[in-house]
$ cat final.pdb   # PDB, C-alpha atoms, pLDDT in the B column
ATOM      1  CA  MET A   1       0.000   0.000   0.000  1.00 75.00           C
ATOM      2  CA  ARG A   2       1.240   3.469  -0.886  1.00 85.00           C
ATOM      3  CA  ALA A   3       2.282   5.642   2.068  1.00 88.00           C
ATOM      4  CA  THR A   4       0.207   8.729   2.943  1.00 92.00           C
ATOM      5  CA  PRO A   5       2.497  11.779   3.117  1.00 97.00           C
ATOM      6  CA  ARG A   6       2.490  14.119   6.103  1.00 98.00           C
ATOM      7  CA  VAL A   7       2.569  17.720   4.812  1.00 98.00           C
ATOM      8  CA  LEU A   8       2.639  20.788   7.051  1.00 98.00           C
ATOM      9  CA  VAL A   9       2.977  24.523   6.330  1.00 98.00           C
ATOM     10  CA  GLN A  10       3.532  26.390   9.579  1.00 98.00           C
ATOM     11  CA  GLU A  11       5.244  29.324  11.292  1.00 98.00           C
ATOM     12  CA  ALA A  12       6.412  27.240  14.228  1.00 98.00           C
ATOM     13  CA  ALA A  13       9.691  25.343  14.356  1.00 97.00           C
ATOM     14  CA  PHE A  14       9.680  21.565  13.878  1.00 97.00           C
ATOM     15  CA  ASP A  15      11.418  18.735  15.716  1.00 97.00           C
ATOM     16  CA  LEU A  16      13.539  16.484  13.512  1.00 96.00           C
ATOM     17  CA  ALA A  17      13.886  13.776  16.193  1.00 97.00           C
ATOM     18  CA  ALA A  18      10.130  13.676  16.828  1.00 98.00           C
ATOM     19  CA  GLU A  19       9.378  13.551  13.092  1.00 98.00           C
ATOM     20  CA  THR A  20      11.909  10.731  12.611  1.00 97.00           C
ATOM     21  CA  ALA A  21      10.382   8.737  15.478  1.00 97.00           C
ATOM     22  CA  ARG A  22       6.936   9.264  13.962  1.00 97.00           C
ATOM     23  CA  LEU A  23       7.966   7.544  10.711  1.00 97.00           C
ATOM     24  CA  GLN A  24       9.303   4.536  12.652  1.00 96.00           C
ATOM     25  CA  GLN A  25       6.549   4.283  15.237  1.00 95.00           C
ATOM     26  CA  GLY A  26       4.826   0.896  15.372  1.00 93.00           C
ATOM     27  CA  ARG A  27       6.611  -0.591  12.367  1.00 94.00           C
ATOM     28  CA  THR A  28       9.597  -2.832  11.726  1.00 96.00           C
ATOM     29  CA  ASP A  29       9.756  -2.596   7.912  1.00 96.00           C
ATOM     30  CA  VAL A  30      11.751   0.666   7.851  1.00 97.00           C
ATOM     31  CA  GLY A  31      15.360   0.004   6.856  1.00 97.00           C
ATOM     32  CA  GLY A  32      16.468   3.581   6.314  1.00 97.00           C
ATOM     33  CA  LEU A  33      15.453   7.184   6.588  1.00 98.00           C
ATOM     34  CA  ALA A  34      16.851  10.138   4.661  1.00 98.00           C
ATOM     35  CA  SER A  35      16.408  13.749   5.666  1.00 98.00           C
ATOM     36  CA  PHE A  36      17.049  17.169   4.191  1.00 98.00           C
ATOM     37  CA  LEU A  37      16.999  20.095   6.589  1.00 98.00           C
ATOM     38  CA  GLY A  38      17.095  23.519   4.919  1.00 97.00           C
ATOM     39  CA  VAL A  39      18.522  26.280   7.117  1.00 97.00           C
ATOM     40  CA  CYS A  40      18.493  30.089   6.848  1.00 97.00           C
ATOM     41  CA  ARG A  41      22.022  31.294   5.952  1.00 94.00           C
ATOM     42  CA  GLY A  42      23.452  34.613   7.150  1.00 93.00           C
ATOM     43  CA  ASP A  43      25.277  35.565   3.924  1.00 88.00           C
ATOM     44  CA  GLY A  44      26.173  39.195   3.275  1.00 88.00           C
ATOM     45  CA  GLY A  45      24.988  40.512   6.622  1.00 91.00           C
ATOM     46  CA  LEU A  46      21.478  39.079   6.314  1.00 95.00           C
ATOM     47  CA  SER A  47      19.523  39.835   9.492  1.00 96.00           C
ATOM     48  CA  ALA A  48      16.267  38.024   8.686  1.00 97.00           C
ATOM     49  CA  MET A  49      14.427  36.183   5.944  1.00 97.00           C
ATOM     50  CA  VAL A  50      10.680  36.561   5.535  1.00 97.00           C
ATOM     51  CA  LEU A  51       8.893  33.724   3.751  1.00 98.00           C
ATOM     52  CA  GLU A  52       5.573  34.534   2.106  1.00 98.00           C
ATOM     53  CA  HIS A  53       3.321  31.819   0.687  1.00 98.00           C
ATOM     54  CA  TYR A  54      -0.051  31.255  -0.968  1.00 98.00           C
ATOM     55  CA  PRO A  55      -2.273  29.679   1.707  1.00 97.00           C
ATOM     56  CA  GLY A  56      -4.296  26.870   0.212  1.00 97.00           C
ATOM     57  CA  MET A  57      -2.264  26.463  -2.963  1.00 98.00           C
ATOM     58  CA  THR A  58       0.918  25.818  -0.967  1.00 98.00           C
ATOM     59  CA  GLU A  59      -0.587  22.862   0.891  1.00 97.00           C
ATOM     60  CA  ARG A  60      -2.038  21.447  -2.353  1.00 97.00           C
ATOM     61  CA  ALA A  61       1.251  21.815  -4.227  1.00 97.00           C
ATOM     62  CA  LEU A  62       3.296  20.197  -1.449  1.00 98.00           C
ATOM     63  CA  ALA A  63       0.802  17.319  -1.090  1.00 97.00           C
ATOM     64  CA  ARG A  64       0.968  16.663  -4.829  1.00 96.00           C
ATOM     65  CA  ILE A  65       4.784  16.638  -4.847  1.00 97.00           C
ATOM     66  CA  ALA A  66       4.846  14.286  -1.839  1.00 98.00           C
ATOM     67  CA  GLU A  67       2.283  11.976  -3.458  1.00 97.00           C
ATOM     68  CA  GLU A  68       4.435  11.898  -6.588  1.00 97.00           C
ATOM     69  CA  ALA A  69       7.402  10.743  -4.456  1.00 97.00           C
ATOM     70  CA  CYS A  70       5.281   8.017  -2.867  1.00 97.00           C
ATOM     71  CA  ALA A  71       4.210   6.873  -6.360  1.00 96.00           C
ATOM     72  CA  ARG A  72       7.763   6.777  -7.747  1.00 97.00           C
ATOM     73  CA  TRP A  73       9.543   5.086  -4.815  1.00 97.00           C
ATOM     74  CA  PRO A  74       8.477   2.321  -2.404  1.00 97.00           C
ATOM     75  CA  LEU A  75       8.310   4.547   0.674  1.00 98.00           C
ATOM     76  CA  THR A  76       6.925   3.500   4.044  1.00 98.00           C
ATOM     77  CA  GLY A  77       6.516   7.153   4.995  1.00 97.00           C
ATOM     78  CA  CYS A  78       7.260  10.700   3.883  1.00 98.00           C
ATOM     79  CA  THR A  79       7.108  14.039   5.730  1.00 98.00           C
ATOM     80  CA  VAL A  80       7.411  17.570   4.313  1.00 98.00           C
ATOM     81  CA  ILE A  81       7.293  20.557   6.674  1.00 98.00           C
ATOM     82  CA  HIS A  82       7.855  24.082   5.316  1.00 98.00           C
ATOM     83  CA  ARG A  83       7.889  27.155   7.531  1.00 98.00           C
ATOM     84  CA  HIS A  84       6.715  30.660   6.655  1.00 98.00           C
ATOM     85  CA  GLY A  85       7.054  34.017   8.379  1.00 98.00           C
ATOM     86  CA  ARG A  86      10.197  35.658   9.752  1.00 98.00           C
ATOM     87  CA  LEU A  87      13.320  33.518  10.212  1.00 98.00           C
ATOM     88  CA  VAL A  88      16.821  34.474  11.341  1.00 98.00           C
ATOM     89  CA  PRO A  89      20.189  32.930  10.341  1.00 97.00           C
ATOM     90  CA  GLY A  90      20.470  29.430  11.769  1.00 97.00           C
ATOM     91  CA  ASP A  91      16.712  28.841  11.846  1.00 98.00           C
ATOM     92  CA  PRO A  92      15.459  25.696  10.098  1.00 97.00           C
ATOM     93  CA  ILE A  93      13.225  26.506   7.075  1.00 97.00           C
ATOM     94  CA  VAL A  94      12.213  23.183   5.553  1.00 98.00           C
ATOM     95  CA  LEU A  95      12.304  19.495   6.461  1.00 98.00           C
ATOM     96  CA  VAL A  96      12.017  16.619   4.002  1.00 98.00           C
ATOM     97  CA  LEU A  97      12.052  13.165   5.574  1.00 98.00           C
ATOM     98  CA  THR A  98      11.624   9.882   3.727  1.00 98.00           C
ATOM     99  CA  ALA A  99      11.554   6.297   5.003  1.00 98.00           C
ATOM    100  CA  SER A 100      11.850   3.046   3.093  1.00 98.00           C
ATOM    101  CA  ALA A 101      12.967  -0.551   3.465  1.00 97.00           C
ATOM    102  CA  HIS A 102      16.205   0.303   1.635  1.00 96.00           C
ATOM    103  CA  ARG A 103      18.491   3.326   1.360  1.00 97.00           C
ATOM    104  CA  THR A 104      18.259   4.030  -2.374  1.00 98.00           C
ATOM    105  CA  ALA A 105      14.535   4.801  -2.316  1.00 98.00           C
ATOM    106  CA  ALA A 106      14.905   6.964   0.793  1.00 98.00           C
ATOM    107  CA  LEU A 107      17.900   8.950  -0.518  1.00 98.00           C
ATOM    108  CA  GLU A 108      16.611   9.436  -4.072  1.00 98.00           C
ATOM    109  CA  SER A 109      13.084  10.431  -3.046  1.00 98.00           C
ATOM    110  CA  CYS A 110      14.455  12.901  -0.492  1.00 98.00           C
ATOM    111  CA  ALA A 111      16.556  14.627  -3.196  1.00 98.00           C
ATOM    112  CA  PHE A 112      13.596  14.579  -5.588  1.00 98.00           C
ATOM    113  CA  LEU A 113      11.305  16.191  -3.014  1.00 98.00           C
ATOM    114  CA  ILE A 114      13.557  19.134  -2.213  1.00 97.00           C
ATOM    115  CA  ASP A 115      14.388  19.699  -5.908  1.00 96.00           C
ATOM    116  CA  TRP A 116      10.736  19.745  -6.938  1.00 95.00           C
ATOM    117  CA  LEU A 117       9.609  21.716  -3.913  1.00 96.00           C
ATOM    118  CA  LYS A 118      12.002  24.540  -4.781  1.00 95.00           C
ATOM    119  CA  THR A 119      10.407  25.091  -8.197  1.00 94.00           C
ATOM    120  CA  LYS A 120       6.797  23.934  -7.695  1.00 95.00           C
ATOM    121  CA  ALA A 121       5.657  25.237  -4.297  1.00 97.00           C
ATOM    122  CA  PRO A 122       4.424  28.857  -4.045  1.00 98.00           C
ATOM    123  CA  PHE A 123       6.854  30.377  -1.533  1.00 98.00           C
ATOM    124  CA  TRP A 124       8.763  33.648  -1.892  1.00 98.00           C
ATOM    125  CA  LYS A 125      11.768  34.700   0.189  1.00 97.00           C
ATOM    126  CA  ARG A 126      12.508  38.300   1.130  1.00 97.00           C
ATOM    127  CA  GLU A 127      15.904  39.054   2.625  1.00 97.00           C
ATOM    128  CA  GLU A 128      16.392  41.802   5.205  1.00 97.00           C
ATOM    129  CA  PHE A 129      19.754  43.391   6.049  1.00 95.00           C
ATOM    130  CA  ALA A 130      20.901  45.729   8.805  1.00 90.00           C
ATOM    131  CA  GLY A 131      21.185  49.233   7.314  1.00 87.00           C
ATOM    132  CA  ARG A 132      20.302  48.161   3.747  1.00 90.00           C
ATOM    133  CA  GLU A 133      17.161  47.837   1.724  1.00 92.00           C
ATOM    134  CA  ALA A 134      15.351  44.484   1.817  1.00 95.00           C
ATOM    135  CA  ARG A 135      15.219  42.487  -1.409  1.00 96.00           C
ATOM    136  CA  TRP A 136      13.207  39.622  -2.893  1.00 97.00           C
ATOM    137  CA  VAL A 137      15.272  36.530  -3.673  1.00 95.00           C
ATOM    138  CA  GLU A 138      15.349  35.776  -7.422  1.00 94.00           C
ATOM    139  CA  ALA A 139      14.681  32.300  -8.765  1.00 91.00           C
ATOM    140  CA  LYS A 140      17.839  30.460  -9.868  1.00 90.00           C
ATOM    141  CA  SER A 141      18.259  28.581 -13.143  1.00 89.00           C
ATOM    142  CA  GLU A 142      20.248  25.894 -11.243  1.00 91.00           C
ATOM    143  CA  ASP A 143      17.068  25.100  -9.308  1.00 91.00           C
ATOM    144  CA  ASP A 144      15.156  24.602 -12.569  1.00 89.00           C
ATOM    145  CA  GLU A 145      17.939  22.335 -13.830  1.00 91.00           C
ATOM    146  CA  ALA A 146      17.941  20.331 -10.568  1.00 90.00           C
ATOM    147  CA  ALA A 147      14.168  19.857 -10.832  1.00 91.00           C
ATOM    148  CA  ALA A 148      14.364  18.940 -14.536  1.00 90.00           C
ATOM    149  CA  ARG A 149      16.634  15.943 -13.879  1.00 91.00           C
ATOM    150  CA  TRP A 150      13.661  14.170 -12.255  1.00 90.00           C
ATOM    151  CA  SER A 151      11.235  14.743 -15.143  1.00 85.00           C
ATOM    152  CA  ARG A 152      10.105  11.767 -17.156  1.00 73.00           C
TER     153      ARG A 152
ATOM    154  CA  MET B   1     -13.324  37.185 -10.190  1.00 97.00           C
ATOM    155  CA  LYS B   2     -10.930  37.227  -7.248  1.00 98.00           C
ATOM    156  CA  VAL B   3      -7.352  38.314  -8.029  1.00 98.00           C
ATOM    157  CA  LEU B   4      -4.509  37.730  -5.553  1.00 98.00           C
ATOM    158  CA  TYR B   5      -0.999  39.192  -5.641  1.00 98.00           C
ATOM    159  CA  PHE B   6       2.106  37.908  -3.879  1.00 98.00           C
ATOM    160  CA  ALA B   7       5.657  39.082  -3.100  1.00 98.00           C
ATOM    161  CA  TRP B   8       6.891  42.059  -5.181  1.00 98.00           C
ATOM    162  CA  VAL B   9       3.850  41.881  -7.450  1.00 98.00           C
ATOM    163  CA  ARG B  10       1.714  42.566  -4.340  1.00 98.00           C
ATOM    164  CA  GLN B  11       3.998  45.416  -3.275  1.00 98.00           C
ATOM    165  CA  LYS B  12       3.875  47.095  -6.703  1.00 98.00           C
ATOM    166  CA  VAL B  13       0.103  46.711  -7.122  1.00 98.00           C
ATOM    167  CA  GLY B  14      -0.385  47.977  -3.573  1.00 97.00           C
ATOM    168  CA  THR B  15      -2.930  45.372  -2.478  1.00 97.00           C
ATOM    169  CA  ALA B  16      -2.951  41.642  -1.724  1.00 98.00           C
ATOM    170  CA  GLU B  17      -6.399  40.913  -3.105  1.00 98.00           C
ATOM    171  CA  GLU B  18      -9.166  42.506  -5.148  1.00 98.00           C
ATOM    172  CA  ASP B  19     -12.481  41.553  -6.717  1.00 98.00           C
ATOM    173  CA  VAL B  20     -12.641  42.503 -10.380  1.00 98.00           C
ATOM    174  CA  ALA B  21     -15.181  42.210 -13.190  1.00 97.00           C
ATOM    175  CA  PRO B  22     -13.228  42.270 -16.464  1.00 97.00           C
ATOM    176  CA  PRO B  23     -15.138  42.704 -19.731  1.00 97.00           C
ATOM    177  CA  PRO B  24     -16.184  39.530 -21.599  1.00 95.00           C
ATOM    178  CA  GLU B  25     -13.331  39.873 -24.132  1.00 96.00           C
ATOM    179  CA  VAL B  26     -10.889  38.985 -21.333  1.00 97.00           C
ATOM    180  CA  ARG B  27     -10.783  35.224 -21.796  1.00 97.00           C
ATOM    181  CA  ASP B  28      -7.314  34.095 -20.731  1.00 98.00           C
ATOM    182  CA  VAL B  29      -4.475  34.901 -18.324  1.00 98.00           C
ATOM    183  CA  ALA B  30      -2.630  37.042 -20.895  1.00 97.00           C
ATOM    184  CA  GLY B  31      -5.790  39.056 -21.588  1.00 97.00           C
ATOM    185  CA  LEU B  32      -6.380  39.537 -17.877  1.00 98.00           C
ATOM    186  CA  VAL B  33      -2.785  40.782 -17.427  1.00 98.00           C
ATOM    187  CA  ARG B  34      -3.282  43.381 -20.204  1.00 97.00           C
ATOM    188  CA  TRP B  35      -6.569  44.501 -18.665  1.00 98.00           C
ATOM    189  CA  LEU B  36      -5.236  44.651 -15.092  1.00 98.00           C
ATOM    190  CA  ALA B  37      -2.157  46.629 -16.240  1.00 97.00           C
ATOM    191  CA  GLY B  38      -4.516  49.444 -17.297  1.00 97.00           C
ATOM    192  CA  ARG B  39      -6.120  49.772 -13.848  1.00 96.00           C
ATOM    193  CA  GLY B  40      -3.509  52.160 -12.428  1.00 96.00           C
ATOM    194  CA  PRO B  41       0.182  53.011 -12.112  1.00 97.00           C
ATOM    195  CA  GLY B  42       0.824  50.289  -9.492  1.00 98.00           C
ATOM    196  CA  HIS B  43      -0.737  47.610 -11.682  1.00 98.00           C
ATOM    197  CA  ALA B  44       1.161  48.930 -14.710  1.00 98.00           C
ATOM    198  CA  ALA B  45       4.458  48.715 -12.789  1.00 98.00           C
ATOM    199  CA  ALA B  46       3.728  45.162 -11.580  1.00 98.00           C
ATOM    200  CA  PHE B  47       2.954  43.934 -15.106  1.00 98.00           C
ATOM    201  CA  ALA B  48       5.543  46.081 -16.939  1.00 97.00           C
ATOM    202  CA  ASP B  49       7.412  42.908 -17.935  1.00 94.00           C
ATOM    203  CA  PRO B  50       4.848  40.079 -18.029  1.00 91.00           C
ATOM    204  CA  ARG B  51       7.660  37.505 -18.484  1.00 90.00           C
ATOM    205  CA  GLN B  52       8.705  38.150 -14.872  1.00 93.00           C
ATOM    206  CA  VAL B  53       5.235  37.301 -13.540  1.00 97.00           C
ATOM    207  CA  ARG B  54       3.801  33.815 -13.042  1.00 97.00           C
ATOM    208  CA  ALA B  55       0.123  32.967 -12.630  1.00 98.00           C
ATOM    209  CA  ALA B  56      -2.172  30.435 -11.017  1.00 98.00           C
ATOM    210  CA  VAL B  57      -5.842  29.858 -11.819  1.00 98.00           C
ATOM    211  CA  ASN B  58      -7.864  28.271  -9.016  1.00 98.00           C
ATOM    212  CA  GLN B  59      -4.612  27.451  -7.172  1.00 98.00           C
ATOM    213  CA  GLU B  60      -2.986  25.610 -10.119  1.00 97.00           C
ATOM    214  CA  PHE B  61       0.000  27.062 -12.008  1.00 97.00           C
ATOM    215  CA  ALA B  62      -1.279  28.455 -15.312  1.00 97.00           C
ATOM    216  CA  THR B  63       0.259  29.557 -18.619  1.00 97.00           C
ATOM    217  CA  PRO B  64      -0.680  32.833 -20.387  1.00 97.00           C
ATOM    218  CA  ASP B  65      -3.130  30.985 -22.662  1.00 97.00           C
ATOM    219  CA  ALA B  66      -5.035  29.387 -19.722  1.00 98.00           C
ATOM    220  CA  PRO B  67      -8.731  30.384 -19.722  1.00 98.00           C
ATOM    221  CA  VAL B  68     -10.162  32.612 -16.977  1.00 98.00           C
ATOM    222  CA  ARG B  69     -13.863  32.871 -16.138  1.00 97.00           C
ATOM    223  CA  PRO B  70     -16.066  34.831 -13.713  1.00 96.00           C
ATOM    224  CA  GLY B  71     -15.801  33.235 -10.271  1.00 97.00           C
ATOM    225  CA  ASP B  72     -12.203  32.071 -10.784  1.00 98.00           C
ATOM    226  CA  GLU B  73      -9.438  32.768  -8.263  1.00 98.00           C
ATOM    227  CA  VAL B  74      -6.461  34.083 -10.233  1.00 98.00           C
ATOM    228  CA  ALA B  75      -3.089  34.797  -8.600  1.00 98.00           C
ATOM    229  CA  PHE B  76      -0.014  36.646  -9.893  1.00 98.00           C
ATOM    230  CA  PHE B  77       3.456  36.337  -8.403  1.00 98.00           C
ATOM    231  CA  PRO B  78       7.188  36.154  -9.224  1.00 97.00           C
ATOM    232  CA  PRO B  79       8.896  32.799  -9.923  1.00 96.00           C
ATOM    233  CA  VAL B  80       8.837  30.804  -6.665  1.00 97.00           C
ATOM    234  CA  THR B  81      11.846  30.740  -4.296  1.00 96.00           C
ATOM    235  CA  GLY B  82      10.978  28.314  -1.488  1.00 94.00           C
ATOM    236  CA  GLY B  83      12.959  25.431  -0.043  1.00 91.00           C
TER     237      GLY B  83
END

$ encode --input "final.pdb" --output "structure tokens"
Amino acid sequence: MRATPRVLVQEAAFDLAAETARLQQGRTDVGGLASFLGVCRGDGGLSAMVLEHYPGMTERALARIAEEACARWPLTGCTVIHRHGRLVPGDPIVLVLTASAHRTAALESCAFLIDWLKTKAPFWKREEFAGREARWVEAKSEDDEAAARWSR
Amino acid sequence: MKVLYFAWVRQKVGTAEEDVAPPPEVRDVAGLVRWLAGRGPGHAAAFADPRQVRAAVNQEFATPDAPVRPGDEVAFFPPVTGG
């Protein structure tokens, strides 16, 4: 049976250990978990990053991406948590967690999820700096290329 | 028709959301962009280069030729930068 993804869009922080335990709870068929934890960097004197999103569409887009991962790989579980609001350097932004009987499915699906999420989920980052004007982050062509390697 | 704006598109337009009633000749996203751009200087600035603006119709990404109808929720925003 295909796993049902857990998808959350929230302002609050998340707990990697608790989310990992959740994917293992009550089952003995999990042979490996892979995780990607995206963190706010403090490049160039960045003081804060504000993440805006499209409530409603964001949840739908993330659920669809996660369901695609569950269709492509034999996952026992999959969790995607993306934060919005104001974050400071060092704060976690996004968590992708995948579980499977074997490592390849967990590792590949985790990379797929973060690559697709970056180009297919409606989030926008605004960077704030001490003593300088804030700016919207521009989309990168490398992200489009990373997402394109999973198309089929 | 409900129109939503996000990120710098929202800042340039000057509002996050508005209800509009475009004329019947506005049938697709590209037509709606042309019509909205004529609503005021903020709208004109937001849509000055339509290639920089992405759209969604009823919360699905949409191309310029996607149809729009009364009652739709249409959103305009820059290319996404999450993750």

$ resolve_selection --input "final.pdb" --expression "the PyMOL selection byres ((chain B and resi 60-66) around 8)" --output "NGL selection string"
(:A and (57)) or (:B and (28-30 or 54-59 or 67-68))

$ write_last_selection --input "final.pdb" --atoms "C-alpha atoms" --output "short mmCIF file (atom, residue, chain, number, x, y, z; two decimals), in the coordinates of the input"
data_model
loop_
_atom_site.label_atom_id
_atom_site.label_comp_id
_atom_site.auth_asym_id
_atom_site.auth_seq_id
_atom_site.Cartn_x
_atom_site.Cartn_y
_atom_site.Cartn_z
CA MET A 57 -2.26 26.46 -2.96
CA ASP B 28 -7.31 34.10 -20.73
CA VAL B 29 -4.47 34.90 -18.32
CA ALA B 30 -2.63 37.04 -20.90
CA ARG B 54 3.80 33.82 -13.04
CA ALA B 55 0.12 32.97 -12.63
CA ALA B 56 -2.17 30.44 -11.02
CA VAL B 57 -5.84 29.86 -11.82
CA ASN B 58 -7.86 28.27 -9.02
CA GLN B 59 -4.61 27.45 -7.17
CA PRO B 67 -8.73 30.38 -19.72
CA VAL B 68 -10.16 32.61 -16.98
#

$ residues_near_point --input "final.pdb" --point "(1.2, 51.6, -8.5)" --cutoff "9 Å" --atoms "all atoms listed in the file" --output "PyMOL selection string"
chain B and resi 11-14+40-46

$ resolve_selection --input "final.pdb" --expression "the PyMOL selection byres ((chain A and resi 123-129) around 9)" --output "ChimeraX atom specification"
/A:44-54,58,84,118,120-122,130-138 /B:6-7,77-83

$ residues_near_point --input "final.pdb" --point "(-15.3, 43.6, -17.5)" --cutoff "12 Å" --atoms "only C-alpha atoms" --output "count of residues only"
17

$ closest_residue --input "final.pdb" --among "A:Ala106, A:Leu97, A:Ala111, A:Val7" --to "Thr20 in chain A" --atoms "only C-alpha atoms"
A:Leu97

$ residues_around --input "final.pdb" --residues "Pro89 in chain A" --least-positions-apart "4" --cutoff "6 Å" --atoms "all atoms listed in the file" --output "ChimeraX atom specification"
/A:40-42

$ resolve_selection --input "final.pdb" --expression "the PyMOL selection byres ((chain A and resi 105) around 12)" --output "PyMOL selection string"
chain A and resi 30-34+69-78+97-104+106-113

$ atom_distance --input "final.pdb" --atom1 "CA of Asp91 in chain A" --atom2 "CA of Val9 in chain B"
26.6 Å

$ atom_distance --input "final.pdb" --atom1 "CA of Val39 in chain A" --atom2 "CA of Val96 in chain A"
12.1 Å

$ atom_distance --input "final.pdb" --atom1 "CA of Leu37 in chain A" --atom2 "CA of Pro55 in chain A"
22.1 Å

$ residues_around --input "final.pdb" --residues "Lys2 in chain B" --least-positions-apart "5" --cutoff "8 Å" --atoms "all atoms listed in the file" --output "list of chain:residue names"
B:Glu17, B:Glu18, B:Asp19, B:Val20, B:Gly71, B:Asp72, B:Glu73, B:Val74

$ closest_residue --input "final.pdb" --among "A:Ala61, A:Arg149, A:Leu16, A:Thr4" --to "Gly38 in chain A" --atoms "all atoms listed in the file"
A:Leu16
